[in-house]
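Dumped target.pdb below, it's PDB, C-alpha atoms:
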```pdb
ATOM      1  CA  MET A   3     -37.279  37.564 215.591  1.00  0.00           C
ATOM      2  CA  ALA A   4     -35.787  34.313 214.263  1.00  0.00           C
ATOM      3  CA  ARG A   5     -33.209  32.413 216.318  1.00  0.00           C
ATOM      4  CA  ILE A   6     -30.275  30.914 214.425  1.00  0.00           C
ATOM      5  CA  HIS A   7     -27.623  28.961 216.311  1.00  0.00           C
ATOM      6  CA  PRO A   8     -24.053  30.083 215.537  1.00  0.00           C
ATOM      7  CA  SER A   9     -23.150  26.625 214.219  1.00  0.00           C
ATOM      8  CA  ALA A  10     -26.046  26.554 211.728  1.00  0.00           C
ATOM      9  CA  ASP A  11     -25.390  27.305 208.051  1.00  0.00           C
ATOM     10  CA  VAL A  12     -28.203  29.534 206.819  1.00  0.00           C
ATOM     11  CA  SER A  13     -27.928  31.187 203.427  1.00  0.00           C
ATOM     12  CA  ASP A  14     -28.296  34.950 203.271  1.00  0.00           C
ATOM     13  CA  GLU A  15     -30.759  34.278 200.436  1.00  0.00           C
ATOM     14  CA  ALA A  16     -33.056  32.163 202.631  1.00  0.00           C
ATOM     15  CA  LYS A  17     -36.090  33.700 204.300  1.00  0.00           C
ATOM     16  CA  ILE A  18     -36.686  32.748 207.929  1.00  0.00           C
ATOM     17  CA  GLY A  19     -40.013  33.754 209.462  1.00  0.00           C
ATOM     18  CA  GLU A  20     -40.587  35.473 212.772  1.00  0.00           C
ATOM     19  CA  GLY A  21     -40.261  33.210 215.804  1.00  0.00           C
ATOM     20  CA  SER A  22     -38.561  30.396 213.885  1.00  0.00           C
ATOM     21  CA  SER A  23     -35.509  28.555 215.235  1.00  0.00           C
ATOM     22  CA  VAL A  24     -32.651  26.911 213.336  1.00  0.00           C
ATOM     23  CA  TRP A  25     -30.575  24.793 215.672  1.00  0.00           C
ATOM     24  CA  HIS A  26     -27.061  23.337 215.887  1.00  0.00           C
ATOM     25  CA  LEU A  27     -25.376  22.261 212.627  1.00  0.00           C
ATOM     26  CA  ALA A  28     -28.552  22.605 210.554  1.00  0.00           C
ATOM     27  CA  GLN A  29     -28.304  23.880 206.980  1.00  0.00           C
ATOM     28  CA  VAL A  30     -30.865  26.038 205.172  1.00  0.00           C
ATOM     29  CA  ARG A  31     -30.050  26.605 201.507  1.00  0.00           C
ATOM     30  CA  GLU A  32     -30.527  29.501 199.113  1.00  0.00           C
ATOM     31  CA  HIS A  33     -34.074  30.728 198.438  1.00  0.00           C
ATOM     32  CA  ALA A  34     -35.606  28.403 201.037  1.00  0.00           C
ATOM     33  CA  VAL A  35     -38.611  29.954 202.749  1.00  0.00           C
ATOM     34  CA  LEU A  36     -39.582  29.124 206.334  1.00  0.00           C
ATOM     35  CA  GLY A  37     -42.800  30.509 207.765  1.00  0.00           C
ATOM     36  CA  GLU A  38     -43.368  31.786 211.259  1.00  0.00           C
ATOM     37  CA  ASN A  39     -42.648  29.722 214.402  1.00  0.00           C
ATOM     38  CA  CYS A  40     -40.899  26.869 212.594  1.00  0.00           C
ATOM     39  CA  ILE A  41     -38.277  24.639 214.218  1.00  0.00           C
ATOM     40  CA  VAL A  42     -35.355  23.153 212.287  1.00  0.00           C
ATOM     41  CA  GLY A  43     -33.595  20.656 214.541  1.00  0.00           C
ATOM     42  CA  ARG A  44     -29.959  19.747 214.935  1.00  0.00           C
ATOM     43  CA  GLY A  45     -28.283  18.602 211.736  1.00  0.00           C
ATOM     44  CA  ALA A  46     -31.411  18.977 209.600  1.00  0.00           C
ATOM     45  CA  TYR A  47     -31.134  19.993 205.947  1.00  0.00           C
ATOM     46  CA  VAL A  48     -33.519  22.284 204.064  1.00  0.00           C
ATOM     47  CA  GLY A  49     -32.772  22.302 200.350  1.00  0.00           C
ATOM     48  CA  GLU A  50     -32.597  25.166 197.909  1.00  0.00           C
ATOM     49  CA  GLY A  51     -35.996  26.710 197.292  1.00  0.00           C
ATOM     50  CA  VAL A  52     -37.858  24.462 199.757  1.00  0.00           C
ATOM     51  CA  VAL A  53     -41.013  26.149 201.032  1.00  0.00           C
ATOM     52  CA  MET A  54     -42.315  25.618 204.564  1.00  0.00           C
ATOM     53  CA  GLY A  55     -45.474  27.138 206.026  1.00  0.00           C
ATOM     54  CA  ASP A  56     -46.015  28.327 209.575  1.00  0.00           C
ATOM     55  CA  ASN A  57     -45.567  26.165 212.702  1.00  0.00           C
ATOM     56  CA  CYS A  58     -43.622  23.357 211.015  1.00  0.00           C
ATOM     57  CA  LYS A  59     -41.188  21.115 212.867  1.00  0.00           C
ATOM     58  CA  LEU A  60     -38.188  19.385 211.300  1.00  0.00           C
ATOM     59  CA  GLN A  61     -36.647  17.094 213.866  1.00  0.00           C
ATOM     60  CA  ASN A  62     -32.947  16.265 214.144  1.00  0.00           C
ATOM     61  CA  TYR A  63     -31.185  15.149 210.950  1.00  0.00           C
ATOM     62  CA  ALA A  64     -34.265  15.304 208.725  1.00  0.00           C
ATOM     63  CA  LEU A  65     -33.256  15.782 205.071  1.00  0.00           C
ATOM     64  CA  VAL A  66     -35.737  17.806 203.041  1.00  0.00           C
ATOM     65  CA  TYR A  67     -34.484  18.099 199.487  1.00  0.00           C
ATOM     66  CA  GLU A  68     -35.764  20.588 196.961  1.00  0.00           C
ATOM     67  CA  PRO A  69     -38.344  21.184 195.574  1.00  0.00           C
ATOM     68  CA  ALA A  70     -40.302  19.966 198.619  1.00  0.00           C
ATOM     69  CA  VAL A  71     -43.287  21.954 199.877  1.00  0.00           C
ATOM     70  CA  LEU A  72     -44.548  21.730 203.464  1.00  0.00           C
ATOM     71  CA  GLU A  73     -47.816  23.420 204.342  1.00  0.00           C
ATOM     72  CA  ASP A  74     -48.713  24.839 207.762  1.00  0.00           C
ATOM     73  CA  GLY A  75     -48.316  22.643 210.831  1.00  0.00           C
ATOM     74  CA  VAL A  76     -46.295  19.827 209.265  1.00  0.00           C
ATOM     75  CA  PHE A  77     -44.196  17.527 211.473  1.00  0.00           C
ATOM     76  CA  VAL A  78     -41.141  15.746 210.024  1.00  0.00           C
ATOM     77  CA  GLY A  79     -39.542  13.274 212.416  1.00  0.00           C
ATOM     78  CA  PRO A  80     -35.888  12.514 213.110  1.00  0.00           C
ATOM     79  CA  ALA A  81     -33.814  11.222 210.181  1.00  0.00           C
ATOM     80  CA  VAL A  82     -36.674  11.414 207.675  1.00  0.00           C
ATOM     81  CA  VAL A  83     -35.579  11.669 204.032  1.00  0.00           C
ATOM     82  CA  PHE A  84     -37.487  13.370 201.196  1.00  0.00           C
ATOM     83  CA  THR A  85     -35.946  12.330 197.863  1.00  0.00           C
ATOM     84  CA  ASN A  86     -36.013  14.445 194.718  1.00  0.00           C
ATOM     85  CA  ASP A  87     -34.947  12.352 191.695  1.00  0.00           C
ATOM     86  CA  HIS A  88     -36.941   9.843 189.601  1.00  0.00           C
ATOM     87  CA  TYR A  89     -33.869   7.986 188.400  1.00  0.00           C
ATOM     88  CA  PRO A  90     -30.824   8.875 190.496  1.00  0.00           C
ATOM     89  CA  ARG A  91     -27.413   8.538 188.877  1.00  0.00           C
ATOM     90  CA  SER A  92     -24.119  10.169 189.758  1.00  0.00           C
ATOM     91  CA  VAL A  93     -22.883  10.136 186.151  1.00  0.00           C
ATOM     92  CA  THR A  94     -24.239  10.201 182.603  1.00  0.00           C
ATOM     93  CA  PRO A  95     -24.025   7.051 180.421  1.00  0.00           C
ATOM     94  CA  GLU A  96     -20.739   8.482 179.133  1.00  0.00           C
ATOM     95  CA  GLY A  97     -19.336   8.535 182.668  1.00  0.00           C
ATOM     96  CA  VAL A  98     -19.452  12.303 183.069  1.00  0.00           C
ATOM     97  CA  LEU A  99     -20.411  13.668 186.484  1.00  0.00           C
ATOM     98  CA  LYS A 100     -23.975  14.950 186.404  1.00  0.00           C
ATOM     99  CA  ARG A 101     -24.683  18.605 187.111  1.00  0.00           C
ATOM    100  CA  GLY A 102     -27.817  20.356 188.269  1.00  0.00           C
ATOM    101  CA  ASP A 103     -29.233  20.772 184.760  1.00  0.00           C
ATOM    102  CA  ASP A 104     -28.674  17.096 183.858  1.00  0.00           C
ATOM    103  CA  TRP A 105     -31.739  15.879 185.737  1.00  0.00           C
ATOM    104  CA  GLU A 106     -35.260  16.984 186.588  1.00  0.00           C
ATOM    105  CA  PRO A 107     -35.881  17.420 190.327  1.00  0.00           C
ATOM    106  CA  VAL A 108     -39.216  16.198 191.654  1.00  0.00           C
ATOM    107  CA  GLY A 109     -40.547  16.997 195.092  1.00  0.00           C
ATOM    108  CA  VAL A 110     -42.502  15.764 198.076  1.00  0.00           C
ATOM    109  CA  THR A 111     -45.553  17.797 199.081  1.00  0.00           C
ATOM    110  CA  VAL A 112     -46.859  17.543 202.637  1.00  0.00           C
ATOM    111  CA  ARG A 113     -50.285  19.045 203.247  1.00  0.00           C
ATOM    112  CA  GLN A 114     -51.521  20.902 206.317  1.00  0.00           C
ATOM    113  CA  GLY A 115     -51.127  19.202 209.683  1.00  0.00           C
ATOM    114  CA  ALA A 116     -49.621  15.963 208.369  1.00  0.00           C
ATOM    115  CA  SER A 117     -46.857  14.080 210.221  1.00  0.00           C
ATOM    116  CA  VAL A 118     -44.043  11.899 208.900  1.00  0.00           C
ATOM    117  CA  GLY A 119     -42.574   9.527 211.486  1.00  0.00           C
ATOM    118  CA  ALA A 120     -38.927   8.948 212.320  1.00  0.00           C
ATOM    119  CA  ARG A 121     -36.651   7.389 209.681  1.00  0.00           C
ATOM    120  CA  SER A 122     -39.357   7.306 207.031  1.00  0.00           C
ATOM    121  CA  VAL A 123     -38.402   7.794 203.390  1.00  0.00           C
ATOM    122  CA  CYS A 124     -40.748   9.623 201.014  1.00  0.00           C
ATOM    123  CA  VAL A 125     -39.851   8.828 197.403  1.00  0.00           C
ATOM    124  CA  ALA A 126     -40.740  11.797 195.200  1.00  0.00           C
ATOM    125  CA  PRO A 127     -43.002  12.694 193.586  1.00  0.00           C
ATOM    126  CA  VAL A 128     -45.602  12.009 196.291  1.00  0.00           C
ATOM    127  CA  THR A 129     -48.153  14.031 198.224  1.00  0.00           C
ATOM    128  CA  ILE A 130     -48.917  13.391 201.890  1.00  0.00           C
ATOM    129  CA  GLY A 131     -52.519  14.446 202.488  1.00  0.00           C
ATOM    130  CA  ARG A 132     -53.937  16.784 205.127  1.00  0.00           C
ATOM    131  CA  TRP A 133     -53.596  15.509 208.715  1.00  0.00           C
ATOM    132  CA  ALA A 134     -52.238  12.167 207.484  1.00  0.00           C
ATOM    133  CA  LEU A 135     -49.760  10.186 209.582  1.00  0.00           C
ATOM    134  CA  VAL A 136     -46.824   8.195 208.201  1.00  0.00           C
ATOM    135  CA  ALA A 137     -45.650   5.595 210.717  1.00  0.00           C
ATOM    136  CA  ALA A 138     -41.984   5.473 211.689  1.00  0.00           C
ATOM    137  CA  GLY A 139     -39.739   3.572 209.301  1.00  0.00           C
ATOM    138  CA  SER A 140     -42.165   3.602 206.381  1.00  0.00           C
ATOM    139  CA  VAL A 141     -41.272   3.990 202.701  1.00  0.00           C
ATOM    140  CA  VAL A 142     -43.866   6.125 200.922  1.00  0.00           C
ATOM    141  CA  VAL A 143     -44.011   5.546 197.156  1.00  0.00           C
ATOM    142  CA  LYS A 144     -47.533   6.741 196.359  1.00  0.00           C
ATOM    143  CA  ASP A 145     -49.825   9.552 197.456  1.00  0.00           C
ATOM    144  CA  VAL A 146     -51.284   9.327 200.953  1.00  0.00           C
ATOM    145  CA  PRO A 147     -54.959  10.346 201.378  1.00  0.00           C
ATOM    146  CA  ASP A 148     -56.088  12.971 203.874  1.00  0.00           C
ATOM    147  CA  PHE A 149     -56.358  11.554 207.432  1.00  0.00           C
ATOM    148  CA  ALA A 150     -54.760   8.228 206.445  1.00  0.00           C
ATOM    149  CA  LEU A 151     -52.424   6.322 208.756  1.00  0.00           C
ATOM    150  CA  VAL A 152     -49.936   4.498 206.531  1.00  0.00           C
ATOM    151  CA  ALA A 153     -47.191   2.091 207.538  1.00  0.00           C
ATOM    152  CA  GLY A 154     -44.782  -0.406 206.072  1.00  0.00           C
ATOM    153  CA  VAL A 155     -42.489  -0.933 203.101  1.00  0.00           C
ATOM    154  CA  PRO A 156     -44.057   0.118 200.844  1.00  0.00           C
ATOM    155  CA  ALA A 157     -46.437   2.158 203.003  1.00  0.00           C
ATOM    156  CA  ARG A 158     -50.123   1.162 202.923  1.00  0.00           C
ATOM    157  CA  ARG A 159     -53.133   2.612 204.697  1.00  0.00           C
ATOM    158  CA  ILE A 160     -53.927   0.660 207.856  1.00  0.00           C
ATOM    159  CA  ARG A 161     -56.238   3.038 209.727  1.00  0.00           C
ATOM    160  CA  TRP A 162     -57.765   6.482 209.691  1.00  0.00           C
ATOM    161  CA  VAL A 163     -56.647   9.207 212.096  1.00  0.00           C
ATOM    162  CA  GLY A 164     -58.230  12.528 213.048  1.00  0.00           C
ATOM    163  CA  HIS A 165     -56.775  15.939 213.693  1.00  0.00           C
ATOM    164  CA  VAL A 166     -55.309  14.778 217.018  1.00  0.00           C
ATOM    165  CA  GLY A 167     -53.457  11.898 215.336  1.00  0.00           C
ATOM    166  CA  VAL A 168     -55.259   9.180 217.335  1.00  0.00           C
ATOM    167  CA  PRO A 169     -56.762   6.282 215.320  1.00  0.00           C
ATOM    168  CA  LEU A 170     -60.474   6.735 214.738  1.00  0.00           C
ATOM    169  CA  GLU A 171     -63.175   4.392 216.006  1.00  0.00           C
ATOM    170  CA  PRO A 172     -66.524   3.457 214.413  1.00  0.00           C
ATOM    171  CA  ASP A 173     -69.183   6.036 215.234  1.00  0.00           C
ATOM    172  CA  ALA A 174     -71.929   4.352 217.253  1.00  0.00           C
ATOM    173  CA  ASP A 175     -74.327   7.145 216.241  1.00  0.00           C
ATOM    174  CA  GLY A 176     -73.938   6.072 212.617  1.00  0.00           C
ATOM    175  CA  ALA A 177     -75.342   2.531 212.985  1.00  0.00           C
ATOM    176  CA  GLY A 178     -72.042   0.990 213.996  1.00  0.00           C
ATOM    177  CA  GLY A 179     -70.182   3.183 211.555  1.00  0.00           C
ATOM    178  CA  SER A 180     -72.107   2.321 208.382  1.00  0.00           C
ATOM    179  CA  SER A 181     -74.642   4.558 206.669  1.00  0.00           C
ATOM    180  CA  GLY A 182     -76.181   1.662 204.782  1.00  0.00           C
ATOM    181  CA  SER A 183     -77.326   2.463 201.241  1.00  0.00           C
ATOM    182  CA  THR A 184     -74.840   5.255 200.545  1.00  0.00           C
ATOM    183  CA  GLY A 185     -71.807   3.131 201.369  1.00  0.00           C
ATOM    184  CA  ALA A 186     -70.389   5.875 203.577  1.00  0.00           C
ATOM    185  CA  VAL A 187     -68.860   4.938 206.922  1.00  0.00           C
ATOM    186  CA  TYR A 188     -68.821   7.249 209.954  1.00  0.00           C
ATOM    187  CA  TRP A 189     -65.946   7.492 212.411  1.00  0.00           C
ATOM    188  CA  ARG A 190     -65.285   9.326 215.663  1.00  0.00           C
ATOM    189  CA  CYS A 191     -62.086  10.476 217.340  1.00  0.00           C
ATOM    190  CA  PRO A 192     -62.013   8.980 220.870  1.00  0.00           C
ATOM    191  CA  THR A 193     -59.985  11.940 222.121  1.00  0.00           C
ATOM    192  CA  SER A 194     -61.606  15.008 220.592  1.00  0.00           C
ATOM    193  CA  GLY A 195     -65.062  13.653 219.746  1.00  0.00           C
ATOM    194  CA  ARG A 196     -64.785  14.986 216.200  1.00  0.00           C
ATOM    195  CA  ARG A 197     -66.683  12.951 213.633  1.00  0.00           C
ATOM    196  CA  TYR A 198     -65.607  11.954 210.137  1.00  0.00           C
ATOM    197  CA  VAL A 199     -67.183  10.261 207.153  1.00  0.00           C
ATOM    198  CA  GLU A 200     -65.457   7.803 204.827  1.00  0.00           C
ATOM    199  CA  THR A 201     -66.609   7.691 201.212  1.00  0.00           C
ATOM    200  CA  PRO A 202     -65.797   4.638 199.065  1.00  0.00           C
ATOM    201  CA  GLY A 203     -63.431   5.116 196.154  1.00  0.00           C
ATOM    202  CA  VAL A 204     -64.654   4.894 192.581  1.00  0.00           C
ATOM    203  CA  ASP A 205     -63.185   2.480 190.015  1.00  0.00           C
ATOM    204  CA  GLY A 206     -60.650   1.066 192.433  1.00  0.00           C
ATOM    205  CA  ALA A 207     -59.544   4.414 193.827  1.00  0.00           C
ATOM    206  CA  GLU A 208     -58.679   4.803 197.517  1.00  0.00           C
ATOM    207  CA  PRO A 209     -61.562   5.741 199.825  1.00  0.00           C
ATOM    208  CA  THR A 210     -61.533   9.278 201.177  1.00  0.00           C
ATOM    209  CA  LEU A 211     -62.225  10.726 204.599  1.00  0.00           C
ATOM    210  CA  ARG A 212     -63.431  14.164 205.644  1.00  0.00           C
ATOM    211  CA  GLU A 213     -64.661  15.768 208.816  1.00  0.00           C
ATOM    212  CA  VAL A 214     -68.428  15.811 209.343  1.00  0.00           C
ATOM    213  CA  THR A 215     -69.819  19.318 209.589  1.00  0.00           C
ATOM    214  CA  PRO A 216     -71.957  20.175 212.643  1.00  0.00           C
ATOM    215  CA  THR A 217     -75.136  20.247 210.517  1.00  0.00           C
ATOM    216  CA  GLU A 218     -74.624  16.789 209.004  1.00  0.00           C
ATOM    217  CA  VAL A 219     -76.526  13.783 210.347  1.00  0.00           C
ATOM    218  CA  PRO A 220     -75.663  10.196 209.317  1.00  0.00           C
ATOM    219  CA  GLN A 221     -78.307   8.668 207.062  1.00  0.00           C
ATOM    220  CA  VAL A 222     -79.036   5.279 208.668  1.00  0.00           C
TER     221      VAL A 222
END
```
Take the structure from the file and write it as structure tokens.
Amino acid sequence: MARIHPSADVSDEAKIGEGSSVWHLAQVREHAVLGENCIVGRGAYVGEGVVMGDNCKLQNYALVYEPAVLEDGVFVGPAVVFTNDHYPRSVTPEGVLKRGDDWEPVGVTVRQGASVGARSVCVAPVTIGRWALVAAGSVVVKDVPDFALVAGVPARRIRWVGHVGVPLEPDADGAGGSSGSTGAVYWRCPTSGRRYVETPGVDGAEPTLREVTPTEVPQV
């Protein structure tokens, strides 16, 4: 059963999953969908039609504007803002107040397990990759790769992180992290021991990271 604090404003047209909690003064708009075991903190806002998977956490005063999509296990820190307009204006060039059909909403997508730190701003349209980590106070203006730790204004990748969220270290079993001829670089999580491989980007694209499967052996 979902728990909704009496001071929260939850639309009758929203769908709140089993075990989810909506706390003091939060607002969940029409047609929003929250999965199971989600937490919407004090004063948070979930826009119309926003979709959240299972086990998501929106901390106090996070503002998630439509048409954002959060996959399972996403963390959104206190006072985070997800925008939804390419070119925000209150009025048309003629000075008339804009209405809902006067602009095209664009959304932020946050993939499975990713975290967005306190007071960050994600400027739509952007996608935060799986298990990525956005440092507190960052401004995200372009897509974030899976497992990337990004920080700054604008946000840039500064490290890789694993599933635990701890920065990865070079994998000593992969010749100091490098695989030599292939250009791949191997990393290990110092907390979980999970191993990952970084593949260089092509034609100036960002490098990518994925978890190494148990059967894979670094080619050194």
> Which residues fall under the PyMOL selection byres ((chain A and resi 29) around 7) in this file, as a PyMOL selection string?
Replying inline: chain A and resi 10-12+27-28+30-31+46-48
> So how many Å separate CA of Ile160 in chain A and CA of Val146 in chain A, to one decimal?
Replying inline: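 Those two atoms sit 11.4 Å apart.
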> Between A:Val24, A:Ala70, A:Val98, A:Val152, which has the minimum distance to Ala126 in chain A (counting all atoms listed in the file)?
Replying inline: A:Ala70
Evaluate the PyMOL selection byres ((chain A and resi 209) around 12) on the structure here and hand back the selected residues as a CSV table (one decimal) with C-alpha atoms, in the frame of the given file.
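Once written, expr01.csv looks like this:
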```csv
chain,number,residue,atom,x,y,z
A,146,VAL,CA,-51.3,9.3,201.0
A,147,PRO,CA,-55.0,10.3,201.4
A,148,ASP,CA,-56.1,13.0,203.9
A,149,PHE,CA,-56.4,11.6,207.4
A,150,ALA,CA,-54.8,8.2,206.4
A,159,ARG,CA,-53.1,2.6,204.7
A,161,ARG,CA,-56.2,3.0,209.7
A,162,TRP,CA,-57.8,6.5,209.7
A,185,GLY,CA,-71.8,3.1,201.4
A,186,ALA,CA,-70.4,5.9,203.6
A,187,VAL,CA,-68.9,4.9,206.9
A,199,VAL,CA,-67.2,10.3,207.2
A,200,GLU,CA,-65.5,7.8,204.8
A,201,THR,CA,-66.6,7.7,201.2
A,202,PRO,CA,-65.8,4.6,199.1
A,203,GLY,CA,-63.4,5.1,196.2
A,204,VAL,CA,-64.7,4.9,192.6
A,205,ASP,CA,-63.2,2.5,190.0
A,206,GLY,CA,-60.6,1.1,192.4
A,207,ALA,CA,-59.5,4.4,193.8
A,208,GLU,CA,-58.7,4.8,197.5
A,210,THR,CA,-61.5,9.3,201.2
A,211,LEU,CA,-62.2,10.7,204.6
A,212,ARG,CA,-63.4,14.2,205.6
```
> With all atoms listed in the file as the basis for distance, which of A:Glu15, A:Thr111, A:Pro8, A:Arg121 is at the shortest distance from Val53 in chain A?
Replying inline: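 Nearest to Val53 in chain A: A:Thr111.
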>> Taking 2 positions as the minimum chain separation for residues in the same chain, which residues sit within 7 Å of Asp145 in chain A when counting only C-alpha atoms? Answer as a list in words.
In response: Val128, Thr129, Ile130 and Pro147 of chain A
>> Would you compute the distance between CA of Trp133 in chain A and CA of His165 in chain A? Give it in Å to one decimal.
In response: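 A separation of 5.9 Å between them.
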Applying 6 Å and only C-alpha atoms, which residues near Ser140 in chain A remain after dropping the ones on its own chain fewer than 5 positions away? List them as a tab-separated table (two decimals) with C-alpha atoms, keeping the file's coordinate frame.
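Listing of out02.tsv after writing:
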```tsv
chain	number	residue	atom	x	y	z
A	122	SER	CA	-39.36	7.31	207.03
A	153	ALA	CA	-47.19	2.09	207.54
A	154	GLY	CA	-44.78	-0.41	206.07
A	155	VAL	CA	-42.49	-0.93	203.10
A	157	ALA	CA	-46.44	2.16	203.00
```
> What is the CA of Ile18 in chain A to CA of Ala4 in chain A distance in Å?
Replying inline: 6.6 Å
>> As a check of understanding, name the residues that the PyMOL selection byres ((chain A and resi 33) around 7) selects in the supplied structure, as a list in words.
In response: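 Answer for the PyMOL selection byres ((chain A and resi 33) around 7): Glu15, Ala16, Lys17, Arg31, Glu32, Ala34, Val35, Glu50 and Gly51 of chain A.
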>> Report as a ChimeraX atom specification all protein, DNA and RNA residues lying within 10 Å of range 82-87 of chain A, evaluated on only C-alpha atoms, omitting residues in the same chain fewer than 6 positions from it.
In response: /A:46-47,60-70,105-111,118-128,138-142
>> Nearest residue to Glu38 in chain A out of A:Arg113, A:Arg196, A:Arg101, A:Arg5, using only C-alpha atoms?
In response: A:Arg5
